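Shown here: query.txt, compact mmCIF, C-alpha atoms (C1' of nucleotides).
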```txt
# COMPACT_ATOMS: atom_id res chain seq x y z
CA MET M 27 -7.94 -30.77 29.23
CA PRO M 28 -5.55 -28.55 30.99
CA GLU M 29 -2.30 -27.31 29.61
CA LEU M 30 -0.51 -24.16 30.62
CA PRO M 31 -3.11 -21.67 29.32
CA GLU M 32 -6.02 -23.52 30.88
CA VAL M 33 -4.24 -23.88 34.22
CA GLU M 34 -3.24 -20.23 34.11
CA THR M 35 -6.86 -19.30 33.44
CA ILE M 36 -8.01 -21.29 36.43
CA VAL M 37 -5.29 -19.89 38.66
CA ARG M 38 -6.20 -16.33 37.75
CA GLY M 39 -9.84 -17.02 38.45
CA LEU M 40 -9.09 -18.61 41.80
CA ARG M 41 -6.89 -15.71 42.79
CA ARG M 42 -9.81 -13.39 42.33
CA THR M 43 -12.35 -15.62 44.00
CA VAL M 44 -10.87 -17.64 46.82
CA VAL M 45 -7.65 -16.02 48.03
CA GLY M 46 -8.18 -14.75 51.55
CA ARG M 47 -10.87 -17.28 52.35
CA ARG M 48 -10.51 -19.75 55.16
CA ILE M 49 -11.15 -23.46 54.77
CA LEU M 50 -13.62 -24.64 57.38
CA ARG M 51 -14.07 -28.24 56.50
CA VAL M 52 -12.94 -30.92 54.07
CA ARG M 53 -14.94 -33.71 52.51
CA LEU M 54 -13.28 -36.26 50.28
CA GLY M 55 -14.68 -38.73 47.78
CA LYS M 56 -12.42 -41.15 45.97
CA THR M 57 -8.88 -40.59 47.10
CA ASP M 58 -6.77 -42.99 45.06
CA PHE M 59 -5.11 -40.10 43.21
CA MET M 60 -4.10 -38.27 46.37
CA ASP M 61 -0.68 -38.68 47.93
CA ASP M 62 -2.01 -38.75 51.50
CA PRO M 63 -5.73 -38.10 51.83
CA ALA M 64 -5.63 -38.22 55.63
CA ALA M 65 -3.10 -35.39 55.64
CA ILE M 66 -5.45 -33.29 53.52
CA GLU M 67 -8.43 -33.95 55.76
CA MET M 68 -6.43 -33.29 58.87
CA ASN M 69 -4.42 -30.26 57.86
CA LEU M 70 -6.60 -28.04 55.71
CA PRO M 71 -9.39 -27.07 58.09
CA GLY M 72 -8.64 -23.76 59.79
CA ARG M 73 -6.11 -22.57 57.26
CA ARG M 74 -6.49 -19.54 55.08
CA ILE M 75 -5.77 -19.49 51.36
CA GLU M 76 -2.87 -17.08 51.04
CA GLY M 77 -2.22 -17.26 47.34
CA ILE M 78 -2.24 -19.42 44.27
CA GLU M 79 0.67 -20.12 41.97
CA ARG M 80 1.22 -22.05 38.79
CA TYR M 81 4.27 -24.13 37.90
CA GLY M 82 3.76 -25.55 34.45
CA LYS M 83 0.55 -27.54 34.79
CA PHE M 84 0.75 -27.67 38.57
CA MET M 85 -1.11 -25.34 40.88
CA VAL M 86 0.01 -24.58 44.39
CA VAL M 87 -2.62 -23.30 46.78
CA ARG M 88 -0.57 -21.58 49.48
CA LEU M 89 -1.99 -22.00 52.95
CA SER M 90 -1.50 -20.19 56.22
CA GLU M 91 0.56 -21.76 58.97
CA THR M 92 -1.23 -22.85 62.11
CA ASN M 93 0.61 -22.74 65.40
CA GLY M 94 3.82 -22.99 63.50
CA ASP M 95 3.38 -26.69 62.82
CA LYS M 96 3.81 -26.90 59.07
CA LYS M 97 6.11 -24.43 57.41
CA ALA M 98 4.67 -22.58 54.42
CA PRO M 99 2.30 -25.38 53.60
CA GLY M 100 0.44 -25.69 50.36
CA LEU M 101 -1.90 -27.89 48.41
CA LEU M 102 -0.29 -29.19 45.26
CA VAL M 103 -2.85 -29.83 42.55
CA HIS M 104 -2.49 -31.27 39.06
CA LEU M 105 -5.64 -31.53 36.97
CA GLY M 106 -4.53 -34.48 34.89
CA MET M 107 -6.80 -34.84 31.86
CA THR M 108 -10.20 -34.10 33.32
CA GLY M 109 -9.65 -32.33 36.63
CA ARG M 110 -11.50 -29.16 37.56
CA LEU M 111 -11.12 -26.92 40.55
CA ALA M 112 -13.71 -24.22 41.05
CA PRO M 113 -15.70 -22.46 43.75
CA VAL M 114 -19.44 -22.99 43.90
CA VAL M 115 -22.11 -22.04 46.40
CA THR M 116 -22.44 -24.65 49.12
CA GLU M 117 -26.12 -25.26 48.39
CA ARG M 118 -25.35 -26.49 44.92
CA PRO M 119 -25.67 -30.26 44.68
CA GLN M 120 -22.44 -32.11 44.21
CA GLU M 121 -21.56 -32.88 40.68
CA LYS M 122 -20.66 -36.45 39.85
CA HIS M 123 -16.95 -37.24 40.33
CA THR M 124 -16.44 -34.60 42.99
CA HIS M 125 -13.57 -36.03 44.99
CA ALA M 126 -12.66 -33.09 47.20
CA CYS M 127 -14.88 -30.42 48.64
CA PHE M 128 -13.33 -27.65 50.69
CA GLN M 129 -15.96 -25.65 52.51
CA LEU M 130 -14.98 -21.99 52.69
CA ASP M 131 -15.95 -19.32 55.20
CA ASP M 132 -18.16 -17.39 52.79
CA GLY M 133 -20.88 -19.83 51.86
CA ARG M 134 -19.02 -21.45 49.03
CA ASP M 135 -17.09 -24.65 48.49
CA LEU M 136 -13.93 -25.05 46.50
CA ARG M 137 -14.62 -28.31 44.69
CA TYR M 138 -12.36 -30.65 42.80
CA THR M 139 -13.98 -32.91 40.23
CA ASP M 140 -12.15 -35.38 38.06
CA PRO M 141 -13.88 -38.25 36.24
CA ARG M 142 -10.71 -40.04 35.25
CA ARG M 143 -8.72 -39.25 38.37
CA PHE M 144 -5.47 -38.77 36.48
CA GLY M 145 -4.92 -35.67 38.55
CA ARG M 146 -2.88 -35.33 41.68
CA MET M 147 -3.44 -33.69 45.01
CA ALA M 148 -1.15 -33.47 47.98
CA PHE M 149 -0.81 -31.41 51.13
CA LEU M 150 2.87 -30.56 51.44
CA ALA M 151 5.09 -28.36 53.54
CA GLU M 152 7.57 -25.92 52.03
CA VAL M 153 10.42 -28.35 51.48
CA ALA M 154 8.29 -31.14 50.04
CA LEU M 155 6.62 -28.66 47.70
CA ALA M 156 9.97 -27.47 46.45
CA GLU M 157 11.10 -31.06 45.96
CA ALA M 158 7.98 -31.90 43.99
CA LEU M 159 8.49 -28.95 41.67
CA ALA M 160 12.26 -29.12 41.35
CA PRO M 161 12.36 -31.62 38.45
CA LEU M 162 10.28 -29.36 36.24
CA GLY M 163 11.90 -27.66 33.29
CA ALA M 164 11.79 -24.05 32.19
CA GLU M 165 8.67 -21.95 32.15
CA PRO M 166 7.87 -21.57 28.43
CA LEU M 167 6.88 -17.92 28.66
CA GLU M 168 10.07 -17.01 30.48
CA VAL M 169 12.70 -19.17 28.86
CA SER M 170 15.35 -17.27 26.90
CA ALA M 171 16.16 -18.14 23.30
CA GLU M 172 19.58 -19.36 24.37
CA GLU M 173 18.28 -21.64 27.07
CA PHE M 174 15.51 -22.98 24.88
CA HIS M 175 17.95 -23.93 22.15
CA LYS M 176 20.36 -25.38 24.67
CA ARG M 177 17.71 -27.59 26.22
CA LEU M 178 16.80 -28.95 22.80
CA ARG M 179 20.41 -29.67 21.91
CA GLU M 180 21.00 -31.56 25.15
CA ARG M 181 18.56 -34.25 24.21
CA ARG M 182 18.26 -36.65 21.34
CA ALA M 183 14.52 -37.13 21.19
CA ARG M 184 12.05 -35.89 18.66
CA ILE M 185 10.96 -32.33 19.00
CA LYS M 186 7.39 -33.33 19.79
CA ALA M 187 8.60 -35.53 22.65
CA LEU M 188 10.77 -32.72 23.96
CA LEU M 189 7.95 -30.19 23.93
CA LEU M 190 5.79 -32.62 25.89
CA ASP M 191 8.55 -33.51 28.34
CA GLN M 192 7.86 -31.54 31.51
CA HIS M 193 11.53 -31.81 32.48
CA VAL M 194 12.46 -29.76 29.42
CA LEU M 195 9.67 -27.22 29.46
CA ARG M 196 6.86 -27.14 31.96
CA GLY M 197 3.28 -26.67 30.89
CA VAL M 198 3.18 -27.62 27.21
CA GLY M 199 0.79 -30.42 26.28
CA ASN M 200 -0.48 -32.04 23.12
CA ILE M 201 -2.53 -29.12 21.77
CA TYR M 202 0.02 -26.37 22.15
CA ALA M 203 2.90 -28.60 21.06
CA ASP M 204 1.16 -29.27 17.75
CA GLU M 205 0.00 -25.70 17.31
CA SER M 206 3.47 -24.27 17.87
CA LEU M 207 5.11 -26.81 15.55
CA TRP M 208 2.58 -25.97 12.85
CA ARG M 209 3.17 -22.27 13.27
CA ALA M 210 6.95 -22.69 13.19
CA LYS M 211 6.66 -25.11 10.25
CA ILE M 212 8.56 -27.88 11.99
CA HIS M 213 7.70 -31.55 11.61
CA PRO M 214 6.95 -33.27 14.93
CA LYS M 215 9.37 -36.10 14.15
CA ARG M 216 12.40 -33.86 13.70
CA LEU M 217 15.11 -34.43 16.26
CA GLY M 218 15.08 -31.49 18.64
CA ALA M 219 18.87 -31.37 18.71
CA ARG M 220 18.94 -30.92 14.94
CA LEU M 221 16.94 -27.73 14.89
CA ASN M 222 19.21 -24.90 13.89
CA ARG M 223 19.25 -21.62 15.71
CA LYS M 224 16.75 -20.05 13.41
CA GLU M 225 14.32 -22.93 13.73
CA ALA M 226 14.66 -23.08 17.50
CA SER M 227 14.12 -19.38 17.68
CA ALA M 228 11.04 -19.58 15.46
CA LEU M 229 9.63 -22.40 17.54
CA ARG M 230 10.13 -20.54 20.79
CA ARG M 231 8.49 -17.45 19.37
CA ALA M 232 5.56 -19.46 17.99
CA LEU M 233 5.09 -21.24 21.29
CA GLN M 234 5.15 -18.05 23.30
CA GLU M 235 2.79 -16.18 21.02
CA ILE M 236 0.36 -19.07 21.00
CA LEU M 237 0.45 -19.50 24.77
CA ARG M 238 -0.06 -15.77 25.34
CA ARG M 239 -2.93 -15.65 22.91
CA ALA M 240 -4.49 -18.76 24.43
CA ILE M 241 -4.25 -17.30 27.91
CA ALA M 242 -5.89 -14.11 26.67
CA LEU M 243 -8.75 -16.22 25.31
CA HIS M 244 -9.03 -18.28 28.52
CA GLY M 245 -7.63 -21.44 27.02
CA SER M 246 -9.08 -24.09 24.75
CA SER M 247 -12.40 -25.72 25.58
CA ILE M 248 -12.47 -28.99 23.71
CA SER M 249 -15.11 -30.82 25.62
CA ASP M 250 -16.12 -29.19 28.81
CA PHE M 251 -13.27 -27.13 30.11
CA VAL M 252 -14.51 -24.14 32.06
CA ASP M 253 -12.64 -21.62 34.15
CA ALA M 254 -13.21 -20.75 37.79
CA GLU M 255 -16.29 -18.76 36.84
CA GLY M 256 -17.69 -21.55 34.72
CA LEU M 257 -16.89 -19.86 31.41
CA PRO M 258 -15.42 -21.83 28.53
CA GLY M 259 -12.25 -20.80 26.74
CA ASP M 260 -12.14 -19.64 23.16
CA TYR M 261 -8.77 -20.67 21.85
CA GLN M 262 -10.05 -23.90 20.30
CA ARG M 263 -11.36 -21.74 17.48
CA ARG M 264 -7.81 -20.71 16.71
CA HIS M 265 -6.47 -24.22 16.40
CA ARG M 266 -4.72 -24.66 13.08
CA ALA M 267 -3.48 -28.23 13.41
CA TYR M 268 -4.73 -29.94 16.56
CA GLY M 269 -7.88 -31.95 15.94
CA ARG M 270 -8.06 -30.90 12.29
CA GLU M 271 -7.22 -34.14 10.49
CA GLY M 272 -8.40 -34.01 6.88
CA LYS M 273 -9.15 -30.31 7.00
CA PRO M 274 -7.22 -27.85 4.87
CA CYS M 275 -4.07 -26.24 6.23
CA ALA M 276 -4.78 -22.56 6.90
CA ARG M 277 -1.63 -21.65 4.97
CA CYS M 278 -1.49 -23.98 1.98
CA LYS M 279 -4.80 -25.90 1.92
CA THR M 280 -3.07 -29.27 2.07
CA GLN M 281 -4.99 -31.67 4.25
CA ILE M 282 -3.84 -31.84 7.83
CA ARG M 283 -2.62 -35.29 8.77
CA ARG M 284 -2.59 -37.21 12.01
CA ILE M 285 0.25 -39.52 12.99
CA ILE M 286 1.44 -40.90 16.31
CA VAL M 287 4.60 -39.33 17.69
CA ALA M 288 5.82 -39.86 21.22
CA GLY M 289 2.76 -42.01 21.71
CA ARG M 290 0.36 -39.14 21.11
CA SER M 291 -1.81 -38.05 18.24
CA SER M 292 0.11 -35.44 16.32
CA TYR M 293 -1.51 -33.19 13.77
CA PHE M 294 0.57 -31.44 11.16
CA CYS M 295 0.61 -30.12 7.62
CA PRO M 296 2.67 -32.50 5.45
CA ARG M 297 3.54 -29.66 3.10
CA CYS M 298 4.40 -26.84 5.47
CA GLN M 299 6.10 -29.12 7.99
CA ARG M 300 8.62 -31.07 5.97
CA ALA M 301 9.42 -34.56 7.20
CA PRO M 302 12.98 -35.17 8.34
CA ARG M 303 15.07 -36.46 5.47
CA GLY M 304 17.14 -39.54 5.21
CA ARG M 305 17.58 -42.04 7.97
CA SER M 306 19.43 -39.65 10.21
CA GLU M 307 16.38 -38.20 11.86
CA THR M 308 14.04 -41.10 11.44
CA ARG M 309 16.32 -43.96 12.46
CA ARG M 310 19.42 -44.56 14.42
CA GLY M 311 21.98 -42.43 12.73
CA LYS M 312 24.59 -42.85 10.11
CA ARG M 313 25.15 -46.12 8.41
CA GLY M 314 27.81 -48.41 9.80
CA VAL M 315 31.31 -47.10 9.47
C1' DC S 26 19.43 -42.69 26.52
C1' DG S 27 15.23 -43.04 23.63
C1' DT S 28 11.03 -45.30 21.98
C1' DT S 29 7.00 -48.00 22.51
C1' DG S 30 3.16 -49.76 24.64
C1' DA S 31 0.56 -50.44 28.51
C1' DA S 32 -1.44 -48.86 32.62
C1' DC S 33 -4.11 -45.73 35.49
C1' DC S 34 -10.04 -44.51 34.90
C1' DT S 35 -14.30 -42.82 32.89
C1' DG S 36 -16.85 -40.80 29.27
C1' DT S 37 -17.81 -39.71 24.54
C1' DT S 38 -17.54 -40.41 19.72
C1' DT S 39 -17.11 -43.33 15.73
C1' DG S 40 -17.84 -47.34 12.98
C1' DC S 41 -19.93 -51.46 11.57
C1' DT L 14 -30.55 -49.21 17.35
C1' DG L 15 -26.76 -51.60 19.59
C1' DC L 16 -22.44 -52.82 20.73
C1' DA L 17 -17.52 -52.54 20.41
C1' DA L 18 -13.65 -50.09 19.32
C1' DA L 19 -11.18 -45.96 19.27
C1' DC L 20 -10.04 -41.88 21.34
C1' DA L 21 -9.40 -38.12 24.89
C1' DG L 22 -6.15 -31.97 27.24
C1' DG L 23 -1.48 -36.35 31.31
C1' DT L 24 2.04 -39.01 33.60
C1' DT L 25 4.66 -43.10 34.74
C1' DC L 26 6.82 -47.44 34.27
C1' DA L 27 8.46 -51.82 32.28
C1' DA L 28 10.58 -53.78 28.37
C1' DC L 29 13.47 -53.48 24.43
```
Please lay out the structure from this file as structure tokens.
Amino acid sequence: MPELPEVETIVRGLRRTVVGRRILRVRLGKTDFMDDPAAIEMNLPGRRIEGIERYGKFMVVRLSETNGDKKAPGLLVHLGMTGRLAPVVTERPQEKHTHACFQLDDGRDLRYTDPRRFGRMAFLAEVALAEALAPLGAEPLEVSAEEFHKRLRERRARIKALLLDQHVLRGVGNIYADESLWRAKIHPKRLGARLNRKEASALRRALQEILRRAIALHGSSISDFVDAEGLPGDYQRRHRAYGREGKPCARCKTQIRRIIVAGRSSYFCPRCQRAPRGRSETRRGKRGV
DNA sequence: CGTTGAACCTGTTTGC
DNA sequence: TGCAAACAGGTTCAAC
């Protein structure tokens, strides 16, 4: 469900609705996806939510210090595929798959639900938070053209794999990778390092425009994604490649195809997005010397 | 290094 | 209708 635009949507909603609130009490359900559930239960009550930040697909709920024990502590949250984090009135019955319920001081709970439990949750102090986020790559909306191109040239994987690799860029997932490749007319199997400056530049621009637009429309709601206020996103109606197998390309009417690249379904237009030629980009490299 | 496939877990959709 | 297979917005790890 959640890629950068969806996480950004949630973060913005939470900033408006829960920052400043104090956590009174914690109730946990299944905890197998949490780093240290006991630490969450023990450390959150009594702390105030100071702010919420996004790093790629991660959210950091900044918490107040208590008696100087933990320095600049925060709750690190990743929504995985099906995670949701939203405030609801305490009276509301718990939805199925609610694994964390943080009772706030204003009659609401901040609840985390996640059927598949691919998400992640951890209470961490300043240093541990920084360590957890350090391996992440560049923020797609901030990366310069030069750095973007450089990061692609440093690696020898396919462009689709690079876009999905959170160590290269943070926050891009399967939908926005395919959408940006379609827009930039680049085949997902191309080697990232072989994109020329113009192509890299076009891809960065496509990615940024798509992400900005998706954020403006509150993300893509494919099954049941809803923001902090329970509203679905609208960007799924703008999808030009993702999930459109067999449907006509919006540019040339050729049927969109689905192939597996980097282990993920990849949708593309076989006419607009030319396949890499020769063996060089599909196999090992040049023939034996 | 890079790729592939499997694993983690549950729910929904598709196909026979 | 029923059941099984395929698939899902993500990440990680073993094996090649």
Just give me the gap between CA of Glu79 (chain M) and CA of Glu32 (chain M) in Å, one decimal is fine.
->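 Interatomic distance, CA of Glu79 (chain M) to CA of Glu32 (chain M): 13.4 Å.
In this structure, the chain M residues at most 7 Å away from chain S are Pro141, Arg142, Arg143 and Ala183 of chain M, with only C-alpha atoms (C1' of nucleotides) considered.
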Find the residues of chain M in contact range of chain L, meaning any atom within 8 Å when counting only C-alpha atoms (C1' of nucleotides), and list them as a VMD selection string.
-> chain M and resid 27 to 29 106 to 108 144 199 to 201 248
Written selection (C-alpha atoms) as a PDB file, in the frame of the given file:
```
ATOM      1  CA  MET M  27      -7.940 -30.770  29.230  1.00  0.00           C
ATOM      2  CA  PRO M  28      -5.550 -28.550  30.990  1.00  0.00           C
ATOM      3  CA  GLU M  29      -2.300 -27.310  29.610  1.00  0.00           C
ATOM      4  CA  GLY M 106      -4.530 -34.480  34.890  1.00  0.00           C
ATOM      5  CA  MET M 107      -6.800 -34.840  31.860  1.00  0.00           C
ATOM      6  CA  THR M 108     -10.200 -34.100  33.320  1.00  0.00           C
ATOM      7  CA  PHE M 144      -5.470 -38.770  36.480  1.00  0.00           C
ATOM      8  CA  GLY M 199       0.790 -30.420  26.280  1.00  0.00           C
ATOM      9  CA  ASN M 200      -0.480 -32.040  23.120  1.00  0.00           C
ATOM     10  CA  ILE M 201      -2.530 -29.120  21.770  1.00  0.00           C
ATOM     11  CA  ILE M 248     -12.470 -28.990  23.710  1.00  0.00           C
TER      12      ILE M 248
END
```
Quick one, how far is CA of Arg182 (chain M) from CA of Pro214 (chain M)?
->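 Answer for the CA of Arg182 (chain M) to CA of Pro214 (chain M) separation: 13.4 Å.
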What does the distance between CA of Ala64 (chain M) and CA of Gly77 (chain M) come to in Å, to one decimal place?
->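 Between CA of Ala64 (chain M) and CA of Gly77 (chain M) the gap works out to 22.8 Å.
Ranking M:Phe149, M:Val169, M:Thr57, M:Ala187 by their shortest atom-to-atom distance to Ala126 (chain M), with all atoms listed in the file included, puts M:Thr57 first.
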So for region 15-18 of chain L, what box centre and size do we get, axis-aligned, 4 Å extra on each of the six sides, every listed atom, Å to one decimal, as lines of an AutoDock Vina configuration file?
```
center_x = -20.2
center_y = -51.5
center_z = 20.0
size_x = 21.1
size_y = 10.7
size_z = 9.4
```
Scan for residues within 8 Å of the point (-13.2, -35.0, 53.3) in the coordinates of the file, using all atoms listed in the file, and reply as a list in words.
-> Arg51, Val52, Arg53, Leu54, Gly55, Ile66, Glu67, Ala126, Cys127 and Phe128 of chain M
Quick one: residues within 6 Å of Met85 (chain M), only C-alpha atoms (C1' of nucleotides), excluding same-chain residues fewer than 3 positions away - as a compact mmCIF listing (two decimals) with C-alpha atoms, in the frame of the given file?
```
# COMPACT_ATOMS: atom_id res chain seq x y z
CA GLU M 79 0.67 -20.12 41.97
CA ARG M 80 1.22 -22.05 38.79
CA LEU M 102 -0.29 -29.19 45.26
CA VAL M 103 -2.85 -29.83 42.55
```
